[in-house]
file my_file_6.tsv (TSV, N, CA and C atoms and all ligand atoms)
chain	number	residue	atom	x	y	z
A	1	MET	N	14.36	-3.20	-2.08
A	1	MET	CA	13.97	-2.27	-1.02
A	1	MET	C	14.92	-2.45	0.15
A	2	ARG	N	14.93	-1.48	1.04
A	2	ARG	CA	15.86	-1.53	2.13
A	2	ARG	C	15.18	-1.05	3.41
A	3	HIS	N	15.32	-1.84	4.48
A	3	HIS	CA	14.94	-1.36	5.81
A	3	HIS	C	16.03	-1.84	6.77
A	4	CYS	N	15.75	-2.91	7.55
A	4	CYS	CA	16.83	-3.46	8.38
A	4	CYS	C	17.83	-4.21	7.51
A	5	CYS	N	17.37	-4.70	6.36
A	5	CYS	CA	18.25	-5.37	5.42
A	5	CYS	C	17.67	-5.12	4.03
A	6	LYS	N	18.31	-5.63	3.01
A	6	LYS	CA	17.79	-5.49	1.66
A	6	LYS	C	16.81	-6.62	1.40
A	7	PHE	N	15.65	-6.35	0.83
A	7	PHE	CA	14.70	-7.42	0.54
A	7	PHE	C	13.90	-7.08	-0.71
A	8	LYS	N	13.22	-8.10	-1.21
A	8	LYS	CA	12.48	-7.98	-2.46
A	8	LYS	C	11.08	-7.42	-2.16
A	9	ALA	N	10.62	-6.51	-2.98
A	9	ALA	CA	9.29	-5.94	-2.80
A	9	ALA	C	8.21	-6.98	-3.09
A	10	ASP	N	7.11	-6.95	-2.33
A	10	ASP	CA	5.96	-7.80	-2.62
A	10	ASP	C	5.28	-7.38	-3.92
A	11	ASN	N	5.25	-6.08	-4.12
A	11	ASN	CA	4.60	-5.58	-5.32
A	11	ASN	C	5.18	-4.22	-5.69
A	12	VAL	N	5.11	-3.91	-6.98
A	12	VAL	CA	5.59	-2.63	-7.47
A	12	VAL	C	4.48	-2.01	-8.30
A	13	TYR	N	4.17	-0.77	-8.02
A	13	TYR	CA	3.10	-0.06	-8.73
A	13	TYR	C	3.71	1.07	-9.55
A	14	PHE	N	3.16	1.26	-10.74
A	14	PHE	CA	3.56	2.39	-11.57
A	14	PHE	C	2.57	3.51	-11.35
A	15	LEU	N	3.09	4.70	-11.09
A	15	LEU	CA	2.24	5.85	-10.77
A	15	LEU	C	2.21	6.84	-11.93
A	16	GLU	N	1.13	7.62	-11.96
A	16	GLU	CA	1.01	8.70	-12.95
A	16	GLU	C	2.11	9.74	-12.72
A	17	ASP	N	2.53	10.38	-13.81
A	17	ASP	CA	3.45	11.52	-13.69
A	17	ASP	C	2.69	12.68	-13.05
A	18	ASN	N	3.40	13.55	-12.38
A	18	ASN	CA	2.77	14.81	-11.96
A	18	ASN	C	3.63	15.98	-12.46
A	19	ASP	N	3.32	17.19	-12.00
A	19	ASP	CA	4.01	18.39	-12.51
A	19	ASP	C	5.52	18.34	-12.29
A	20	MET	N	5.90	17.75	-11.18
A	20	MET	CA	7.30	17.79	-10.78
A	20	MET	C	8.08	16.53	-11.13
A	21	PHE	N	7.38	15.38	-11.14
A	21	PHE	CA	8.10	14.11	-11.20
A	21	PHE	C	7.55	13.19	-12.30
A	22	SER	N	8.44	12.34	-12.82
A	22	SER	CA	8.01	11.32	-13.77
A	22	SER	C	8.74	10.01	-13.45
A	23	SER	N	8.42	8.95	-14.22
A	23	SER	CA	8.97	7.61	-13.98
A	23	SER	C	8.82	7.22	-12.51
A	24	ARG	N	7.62	7.37	-12.02
A	24	ARG	CA	7.37	7.19	-10.58
A	24	ARG	C	6.97	5.74	-10.30
A	25	ARG	N	7.59	5.18	-9.27
A	25	ARG	CA	7.32	3.79	-8.91
A	25	ARG	C	7.18	3.66	-7.40
A	26	LEU	N	6.18	2.91	-6.99
A	26	LEU	CA	5.96	2.68	-5.56
A	26	LEU	C	6.15	1.20	-5.28
A	27	SER	N	7.11	0.87	-4.41
A	27	SER	CA	7.35	-0.53	-4.04
A	27	SER	C	6.85	-0.73	-2.62
A	28	ILE	N	6.21	-1.87	-2.40
A	28	ILE	CA	5.73	-2.14	-1.05
A	28	ILE	C	6.08	-3.56	-0.65
A	29	GLY	N	6.33	-3.75	0.64
A	29	GLY	CA	6.68	-5.08	1.12
A	29	GLY	C	6.82	-5.05	2.63
A	30	PHE	N	7.16	-6.19	3.17
A	30	PHE	CA	7.37	-6.29	4.60
A	30	PHE	C	8.83	-6.58	4.88
A	31	CYS	N	9.41	-5.83	5.80
A	31	CYS	CA	10.79	-6.08	6.19
A	31	CYS	C	10.87	-7.46	6.86
A	32	PRO	N	11.73	-8.35	6.38
A	32	PRO	CA	11.78	-9.70	6.95
A	32	PRO	C	12.35	-9.73	8.36
A	33	ILE	N	13.01	-8.70	8.79
A	33	ILE	CA	13.60	-8.70	10.13
A	33	ILE	C	12.65	-8.12	11.17
A	34	CYS	N	12.14	-6.90	10.95
A	34	CYS	CA	11.29	-6.30	11.97
A	34	CYS	C	9.80	-6.46	11.64
A	35	LYS	N	9.47	-7.02	10.46
A	35	LYS	CA	8.09	-7.33	10.03
A	35	LYS	C	7.23	-6.09	9.77
A	36	LYS	N	7.84	-4.93	9.76
A	36	LYS	CA	7.05	-3.72	9.49
A	36	LYS	C	6.76	-3.59	8.01
A	37	PRO	N	5.57	-3.03	7.67
A	37	PRO	CA	5.34	-2.70	6.27
A	37	PRO	C	6.28	-1.57	5.85
A	38	VAL	N	6.80	-1.67	4.66
A	38	VAL	CA	7.73	-0.66	4.15
A	38	VAL	C	7.24	-0.22	2.77
A	39	ALA	N	7.20	1.08	2.55
A	39	ALA	CA	6.81	1.61	1.24
A	39	ALA	C	7.94	2.50	0.74
A	40	GLU	N	8.26	2.33	-0.52
A	40	GLU	CA	9.35	3.11	-1.10
A	40	GLU	C	8.89	3.75	-2.39
A	41	LEU	N	9.00	5.07	-2.46
A	41	LEU	CA	8.64	5.81	-3.66
A	41	LEU	C	9.92	6.26	-4.34
A	42	VAL	N	10.07	5.93	-5.61
A	42	VAL	CA	11.20	6.47	-6.37
A	42	VAL	C	10.65	7.22	-7.57
A	43	GLU	N	11.25	8.34	-7.89
A	43	GLU	CA	10.76	9.18	-8.98
A	43	GLU	C	11.88	10.11	-9.45
A	44	TRP	N	11.75	10.60	-10.67
A	44	TRP	CA	12.74	11.52	-11.24
A	44	TRP	C	12.13	12.90	-11.35
A	45	ARG	N	12.81	13.89	-10.76
A	45	ARG	CA	12.33	15.26	-10.85
A	45	ARG	C	12.61	15.79	-12.25
A	46	PHE	N	11.82	16.79	-12.68
A	46	PHE	CA	11.90	17.31	-14.05
A	46	PHE	C	13.31	17.76	-14.42
A	47	ASP	N	14.11	18.22	-13.43
A	47	ASP	CA	15.47	18.68	-13.72
A	47	ASP	C	16.50	17.57	-13.60
A	48	GLY	N	16.03	16.31	-13.55
A	48	GLY	CA	16.95	15.19	-13.60
A	48	GLY	C	17.43	14.69	-12.26
A	49	VAL	N	16.87	15.19	-11.18
A	49	VAL	CA	17.29	14.75	-9.85
A	49	VAL	C	16.46	13.54	-9.42
A	50	PHE	N	17.14	12.51	-8.95
A	50	PHE	CA	16.49	11.28	-8.51
A	50	PHE	C	16.03	11.44	-7.07
A	51	ASN	N	14.80	11.05	-6.81
A	51	ASN	CA	14.23	11.18	-5.46
A	51	ASN	C	13.78	9.82	-4.97
A	52	ARG	N	14.20	9.49	-3.74
A	52	ARG	CA	13.77	8.23	-3.15
A	52	ARG	C	13.27	8.50	-1.74
A	53	GLN	N	12.08	8.02	-1.44
A	53	GLN	CA	11.53	8.19	-0.10
A	53	GLN	C	11.11	6.82	0.43
A	54	THR	N	11.65	6.45	1.57
A	54	THR	CA	11.30	5.16	2.16
A	54	THR	C	10.68	5.40	3.54
A	55	LEU	N	9.49	4.83	3.73
A	55	LEU	CA	8.81	4.97	5.02
A	55	LEU	C	8.41	3.59	5.51
A	56	SER	N	8.28	3.45	6.84
A	56	SER	CA	7.88	2.15	7.38
A	56	SER	C	6.76	2.33	8.39
A	57	GLY	N	6.15	1.21	8.75
A	57	GLY	CA	5.10	1.21	9.76
A	57	GLY	C	3.90	2.02	9.32
A	58	ILE	N	3.32	2.76	10.25
A	58	ILE	CA	2.09	3.50	9.99
A	58	ILE	C	2.33	4.57	8.93
A	59	ASN	N	3.54	5.11	8.87
A	59	ASN	CA	3.84	6.13	7.85
A	59	ASN	C	3.83	5.55	6.44
A	60	ALA	N	4.23	4.27	6.33
A	60	ALA	CA	4.16	3.59	5.04
A	60	ALA	C	2.70	3.46	4.62
A	61	ASN	N	1.84	3.13	5.59
A	61	ASN	CA	0.40	3.05	5.32
A	61	ASN	C	-0.14	4.37	4.78
A	62	PHE	N	0.23	5.46	5.46
A	62	PHE	CA	-0.25	6.78	5.04
A	62	PHE	C	0.22	7.11	3.63
A	63	MET	N	1.50	6.83	3.35
A	63	MET	CA	2.03	7.17	2.03
A	63	MET	C	1.30	6.39	0.95
A	64	VAL	N	1.07	5.10	1.19
A	64	VAL	CA	0.40	4.28	0.19
A	64	VAL	C	-1.04	4.75	-0.02
A	65	GLN	N	-1.73	5.08	1.07
A	65	GLN	CA	-3.12	5.54	0.93
A	65	GLN	C	-3.18	6.85	0.16
A	66	GLU	N	-2.18	7.69	0.35
A	66	GLU	CA	-2.13	8.97	-0.35
A	66	GLU	C	-1.87	8.77	-1.84
A	67	LEU	N	-1.04	7.77	-2.17
A	67	LEU	CA	-0.61	7.59	-3.56
A	67	LEU	C	-1.50	6.64	-4.35
A	68	LYS	N	-2.41	5.93	-3.67
A	68	LYS	CA	-3.09	4.83	-4.38
A	68	LYS	C	-4.00	5.33	-5.51
A	69	GLU	N	-4.46	6.59	-5.42
A	69	GLU	CA	-5.27	7.16	-6.49
A	69	GLU	C	-4.45	7.32	-7.78
A	70	GLN	N	-3.14	7.39	-7.63
A	70	GLN	CA	-2.26	7.66	-8.78
A	70	GLN	C	-1.72	6.39	-9.43
A	71	ILE	N	-2.13	5.24	-8.90
A	71	ILE	CA	-1.61	3.98	-9.43
A	71	ILE	C	-2.21	3.71	-10.81
A	72	ILE	N	-1.36	3.43	-11.77
A	72	ILE	CA	-1.82	3.08	-13.11
A	72	ILE	C	-1.96	1.57	-13.22
A	73	CYS	N	-0.92	0.86	-12.85
A	73	CYS	CA	-0.97	-0.59	-12.88
A	73	CYS	C	0.15	-1.13	-11.99
A	74	SER	N	0.09	-2.41	-11.74
A	74	SER	CA	1.15	-3.03	-10.96
A	74	SER	C	1.80	-4.10	-11.81
A	75	ILE	N	3.03	-4.47	-11.46
A	75	ILE	CA	3.69	-5.50	-12.25
A	75	ILE	C	3.02	-6.86	-12.04
A	76	ASN	N	2.17	-6.97	-11.02
A	76	ASN	CA	1.48	-8.24	-10.75
A	76	ASN	C	0.03	-8.25	-11.25
A	77	ASP	N	-0.37	-7.27	-12.04
A	77	ASP	CA	-1.77	-7.19	-12.47
A	77	ASP	C	-2.25	-8.45	-13.15
A	78	ALA	N	-1.38	-9.10	-13.90
A	78	ALA	CA	-1.78	-10.31	-14.62
A	78	ALA	C	-2.21	-11.39	-13.63
A	79	ASN	N	-1.48	-11.52	-12.54
A	79	ASN	CA	-1.84	-12.50	-11.52
A	79	ASN	C	-3.10	-12.09	-10.78
A	80	TYR	N	-3.23	-10.80	-10.57
A	80	TYR	CA	-4.34	-10.27	-9.79
A	80	TYR	C	-5.68	-10.62	-10.41
A	81	LYS	N	-5.76	-10.61	-11.75
A	81	LYS	CA	-7.04	-10.83	-12.43
A	81	LYS	C	-7.65	-12.17	-12.07
A	82	LYS	N	-6.82	-13.14	-11.75
A	82	LYS	CA	-7.33	-14.47	-11.39
A	82	LYS	C	-8.03	-14.48	-10.04
A	83	LEU	N	-7.73	-13.51	-9.22
A	83	LEU	CA	-8.19	-13.56	-7.82
A	83	LEU	C	-9.14	-12.42	-7.48
A	84	LYS	N	-9.71	-11.83	-8.47
A	84	LYS	CA	-10.38	-10.54	-8.36
A	84	LYS	C	-11.14	-10.21	-7.06
A	85	GLN	N	-11.89	-11.14	-6.51
A	85	GLN	CA	-12.78	-10.76	-5.40
A	85	GLN	C	-12.07	-10.57	-4.06
A	86	GLU	N	-11.03	-11.29	-3.84
A	86	GLU	CA	-10.35	-11.24	-2.54
A	86	GLU	C	-9.37	-10.07	-2.51
A	87	PRO	N	-9.25	-9.44	-1.35
A	87	PRO	CA	-8.18	-8.43	-1.25
A	87	PRO	C	-6.85	-9.07	-1.61
A	88	TYR	N	-6.07	-8.36	-2.39
A	88	TYR	CA	-4.88	-8.97	-2.96
A	88	TYR	C	-3.66	-8.13	-2.66
A	89	GLY	N	-2.55	-8.78	-2.45
A	89	GLY	CA	-1.29	-8.08	-2.28
A	89	GLY	C	-1.14	-7.53	-0.88
A	90	TRP	N	-0.65	-6.36	-0.81
A	90	TRP	CA	-0.36	-5.76	0.49
A	90	TRP	C	-1.64	-5.19	1.05
A	91	LYS	N	-2.13	-5.74	2.13
A	91	LYS	CA	-3.43	-5.32	2.65
A	91	LYS	C	-3.23	-4.38	3.83
A	92	PHE	N	-4.22	-3.55	4.01
A	92	PHE	CA	-4.20	-2.72	5.21
A	92	PHE	C	-5.56	-2.80	5.87
A	93	GLY	N	-5.61	-2.54	7.14
A	93	GLY	CA	-6.85	-2.68	7.91
A	93	GLY	C	-7.68	-1.42	7.90
A	94	ILE	N	-8.99	-1.60	7.85
A	94	ILE	CA	-9.90	-0.47	7.96
A	94	ILE	C	-10.90	-0.81	9.08
A	95	ASN	N	-11.09	0.08	10.00
A	95	ASN	CA	-12.11	-0.11	11.03
A	95	ASN	C	-13.26	0.84	10.77
A	96	LYS	N	-14.46	0.30	10.79
A	96	LYS	CA	-15.63	1.16	10.64
A	96	LYS	C	-16.56	0.94	11.81
A	97	GLN	N	-17.01	2.01	12.39
A	97	GLN	CA	-17.90	1.88	13.54
A	97	GLN	C	-19.30	2.33	13.14
A	98	THR	N	-20.30	1.50	13.48
A	98	THR	CA	-21.68	1.85	13.17
A	98	THR	C	-22.27	2.61	14.35
A	99	LYS	N	-23.47	3.17	14.14
A	99	LYS	CA	-24.09	4.03	15.17
A	99	LYS	C	-24.36	3.27	16.47
A	100	ASP	N	-24.65	1.97	16.37
A	100	ASP	CA	-24.95	1.22	17.60
A	100	ASP	C	-23.67	0.73	18.29
A	101	GLY	N	-22.51	1.20	17.84
A	101	GLY	CA	-21.27	0.90	18.55
A	101	GLY	C	-20.56	-0.33	18.05
A	102	LYS	N	-21.07	-0.93	16.98
A	102	LYS	CA	-20.43	-2.12	16.44
A	102	LYS	C	-19.26	-1.72	15.55
A	103	VAL	N	-18.15	-2.41	15.70
A	103	VAL	CA	-16.98	-2.11	14.89
A	103	VAL	C	-16.81	-3.22	13.87
A	104	ARG	N	-16.67	-2.83	12.63
A	104	ARG	CA	-16.39	-3.81	11.58
A	104	ARG	C	-14.96	-3.62	11.11
A	105	GLN	N	-14.21	-4.68	11.09
A	105	GLN	CA	-12.83	-4.61	10.64
A	105	GLN	C	-12.72	-5.24	9.25
A	106	TYR	N	-12.19	-4.47	8.34
A	106	TYR	CA	-12.02	-4.96	6.98
A	106	TYR	C	-10.53	-5.02	6.64
A	107	ALA	N	-10.19	-5.98	5.81
A	107	ALA	CA	-8.90	-5.95	5.14
A	107	ALA	C	-9.16	-5.38	3.76
A	108	SER	N	-8.37	-4.43	3.34
A	108	SER	CA	-8.61	-3.81	2.06
A	108	SER	C	-7.32	-3.83	1.25
A	109	ASP	N	-7.44	-3.87	-0.06
A	109	ASP	CA	-6.24	-3.75	-0.89
A	109	ASP	C	-6.33	-2.47	-1.70
A	110	PHE	N	-5.36	-2.24	-2.55
A	110	PHE	CA	-5.30	-0.97	-3.28
A	110	PHE	C	-6.28	-0.93	-4.45
A	111	TYR	N	-6.93	-2.05	-4.72
A	111	TYR	CA	-7.88	-2.06	-5.82
A	111	TYR	C	-9.29	-1.81	-5.31
A	112	GLY	N	-9.45	-1.61	-4.01
A	112	GLY	CA	-10.77	-1.35	-3.46
A	112	GLY	C	-11.52	-2.62	-3.06
A	113	ASN	N	-10.89	-3.78	-3.16
A	113	ASN	CA	-11.53	-5.00	-2.67
A	113	ASN	C	-11.49	-4.99	-1.15
A	114	LYS	N	-12.61	-5.38	-0.56
A	114	LYS	CA	-12.67	-5.39	0.89
A	114	LYS	C	-13.17	-6.73	1.37
A	115	LYS	N	-12.67	-7.16	2.50
A	115	LYS	CA	-13.14	-8.41	3.08
A	115	LYS	C	-13.36	-8.16	4.57
A	116	LEU	N	-14.53	-8.53	5.05
A	116	LEU	CA	-14.82	-8.36	6.47
A	116	LEU	C	-14.06	-9.41	7.25
A	117	ILE	N	-13.23	-8.97	8.17
A	117	ILE	CA	-12.44	-9.89	8.98
A	117	ILE	C	-13.20	-10.25	10.25
A	118	LYS	N	-13.67	-9.23	10.97
A	118	LYS	CA	-14.50	-9.51	12.13
A	118	LYS	C	-15.31	-8.29	12.49
A	119	SER	N	-16.38	-8.51	13.23
A	119	SER	CA	-17.15	-7.38	13.76
A	119	SER	C	-17.43	-7.66	15.23
A	120	PHE	N	-17.42	-6.61	16.00
A	120	PHE	CA	-17.58	-6.77	17.45
A	120	PHE	C	-18.09	-5.45	18.03
A	121	TYR	N	-18.56	-5.52	19.24
A	121	TYR	CA	-18.98	-4.29	19.91
A	121	TYR	C	-17.81	-3.68	20.65
A	122	ALA	N	-17.58	-2.40	20.40
A	122	ALA	CA	-16.48	-1.71	21.06
A	122	ALA	C	-16.77	-1.58	22.55
A	123	LYS	N	-15.77	-1.80	23.34
A	123	LYS	CA	-15.93	-1.64	24.79
A	123	LYS	C	-15.95	-0.16	25.13
A	124	VAL	N	-16.86	0.21	26.01
A	124	VAL	CA	-16.96	1.63	26.37
A	124	VAL	C	-16.27	1.87	27.71
B	1	ZN	ZN	13.02	-3.55	9.38

call {"tool": "encode", "arguments": {"input": "my_file_6.tsv", "output": "structure tokens", "more": "lines below"}}
Ligand SMILES: [Zn+2]
result
Amino acid sequence: MRHCCKFKADNVYFLEDNDMFSSRRLSIGFCPICKKPVAELVEWRFDGVFNRQTLSGINANFMVQELKEQIICSINDANYKKLKQEPYGWKFGINKQTKDGKVRQYASDFYGNKKLIKSFYAKV
């Protein structure tokens, strides 16, 4: 993967083909220089054109959340099975607010595992 420098992805996911693209792969990791999350989608268009899209920061989060339904498996699935309950791999934060104003912060992974990190009352 590439952002401020070239670095190794934390994880690589294989995605389902769609109407336009096949051999689709999503790589995710953190840039070692600026520490931003980076997501890179590579895929081949039906007419043989190679497509690469690299996003960082909050946009990387959006791209991954959009594509996570299409994930078939990851190259680290074998390791993942050992750790099933804990959020695994590249985590992203989810904030949920209850009616009484309490905010619960979860760390979530792409497999739907969630872990409550903290809960607090939002300041008004
Ligand atoms: Zn960077």

call {"tool": "residues_near_ligand", "arguments": {"input": "my_file_6.tsv", "ligand": "ligand ZN 1 (chain B)", "cutoff": "5 Å", "atoms": "all atoms listed in the file", "output": "PyMOL selection string"}}
result
chain A and resi 3-4+31+33-34

call {"tool": "write_last_selection", "arguments": {"input": "my_file_6.tsv", "atoms": "N, CA and C atoms", "output": "compact mmCIF listing (two decimals), keeping the file's coordinate frame"}}
result
# COMPACT_ATOMS: atom_id res chain seq x y z
N HIS A 3 15.32 -1.84 4.48
CA HIS A 3 14.94 -1.36 5.81
C HIS A 3 16.03 -1.84 6.77
N CYS A 4 15.75 -2.91 7.55
CA CYS A 4 16.83 -3.46 8.38
C CYS A 4 17.83 -4.21 7.51
N CYS A 31 9.41 -5.83 5.80
CA CYS A 31 10.79 -6.08 6.19
C CYS A 31 10.87 -7.46 6.86
N ILE A 33 13.01 -8.70 8.79
CA ILE A 33 13.60 -8.70 10.13
C ILE A 33 12.65 -8.12 11.17
N CYS A 34 12.14 -6.90 10.95
CA CYS A 34 11.29 -6.30 11.97
C CYS A 34 9.80 -6.46 11.64

call {"tool": "residues_around", "arguments": {"input": "my_file_6.tsv", "residues": "Glu40 (chain A)", "least_positions_apart": "5", "cutoff": "6 Å", "atoms": "only N, CA and C atoms", "output": "ChimeraX atom specification"}}
result
/A:25-28,53-55

call {"tool": "select_by_dssp", "arguments": {"input": "my_file_6.tsv", "residues": "chain A", "states": "helix (DSSP H, G or I)", "output": "JSON, numbers by chain"}}
result
{"A": [58, 59, 60, 61, 62, 63, 64, 65, 66, 67, 68, 69, 70, 77, 78, 79, 80, 81, 82, 83]}

call {"tool": "closest_residue", "arguments": {"input": "my_file_6.tsv", "among": "A:Ile117, A:Asn51, A:Ile58, A:Pro32", "to": "Phe7 (chain A)", "atoms": "only N, CA and C atoms"}}
result
A:Pro32

call {"tool": "atom_distance", "arguments": {"input": "my_file_6.tsv", "atom1": "atom N of Ser74 (chain A)", "atom2": "atom C of Asn95 (chain A)"}}
result
26.4 Å

call {"tool": "residues_around", "arguments": {"input": "my_file_6.tsv", "residues": "Trp44 (chain A)", "least_positions_apart": "4", "cutoff": "6 Å", "atoms": "all atoms listed in the file", "output": "number ranges by chain"}}
result
A: 20-24, 48-51

call {"tool": "atom_distance", "arguments": {"input": "my_file_6.tsv", "atom1": "CA of Gln105 (chain A)", "atom2": "CA of Lys35 (chain A)"}}
result
21.1 Å

call {"tool": "closest_residue", "arguments": {"input": "my_file_6.tsv", "among": "A:Arg104, A:Lys96, A:Lys115, A:Lys36", "to": "Asn59 (chain A)", "atoms": "only C-alpha atoms"}}
result
A:Lys36

call {"tool": "closest_residue", "arguments": {"input": "my_file_6.tsv", "among": "A:Leu41, A:Ile71, A:Val103, A:Ala122", "to": "Phe14 (chain A)", "atoms": "only N, CA and C atoms"}}
result
A:Ile71

call {"tool": "decode", "arguments": {"input": "my_file_6.tsv", "residues": "region 8-39 of chain A", "atoms": "C-alpha atoms", "output": "mmCIF file, in the first residue's frame"}}
result
data_model
loop_
_atom_site.group_PDB
_atom_site.id
_atom_site.type_symbol
_atom_site.label_atom_id
_atom_site.label_comp_id
_atom_site.auth_asym_id
_atom_site.auth_seq_id
_atom_site.Cartn_x
_atom_site.Cartn_y
_atom_site.Cartn_z
ATOM 1 C CA LYS A 8 2.501 -3.486 4.295
ATOM 2 C CA ALA A 9 -1.260 -3.859 4.695
ATOM 3 C CA ASP A 10 -2.582 -5.040 8.081
ATOM 4 C CA ASN A 11 -5.156 -7.117 6.319
ATOM 5 C CA VAL A 12 -6.405 -7.924 2.838
ATOM 6 C CA TYR A 13 -10.011 -8.822 2.086
ATOM 7 C CA PHE A 14 -11.362 -10.543 -0.988
ATOM 8 C CA LEU A 15 -14.582 -8.994 -2.265
ATOM 9 C CA GLU A 16 -17.446 -10.356 -4.332
ATOM 10 C CA ASP A 17 -17.446 -9.588 -8.055
ATOM 11 C CA ASN A 18 -20.024 -7.096 -9.247
ATOM 12 C CA ASP A 19 -21.421 -6.176 -12.687
ATOM 13 C CA MET A 20 -18.458 -4.038 -13.605
ATOM 14 C CA PHE A 21 -15.487 -5.420 -11.709
ATOM 15 C CA SER A 22 -13.848 -8.703 -10.724
ATOM 16 C CA SER A 23 -10.725 -9.870 -8.835
ATOM 17 C CA ARG A 24 -11.535 -7.243 -6.239
ATOM 18 C CA ARG A 25 -9.303 -6.802 -3.209
ATOM 19 C CA LEU A 26 -9.487 -4.383 -0.312
ATOM 20 C CA SER A 27 -6.290 -3.700 1.651
ATOM 21 C CA ILE A 28 -6.358 -1.831 4.913
ATOM 22 C CA GLY A 29 -3.647 -0.563 7.215
ATOM 23 C CA PHE A 30 -2.192 2.410 8.984
ATOM 24 C CA CYS A 31 0.339 4.708 7.377
ATOM 25 C CA PRO A 32 3.470 4.460 9.572
ATOM 26 C CA ILE A 33 4.331 8.114 9.007
ATOM 27 C CA CYS A 34 1.091 10.060 9.478
ATOM 28 C CA LYS A 35 -0.754 7.231 11.382
ATOM 29 C CA LYS A 36 -3.900 7.660 9.306
ATOM 30 C CA PRO A 37 -5.990 4.639 8.388
ATOM 31 C CA VAL A 38 -5.585 3.878 4.699
ATOM 32 C CA ALA A 39 -7.870 1.726 2.555
#
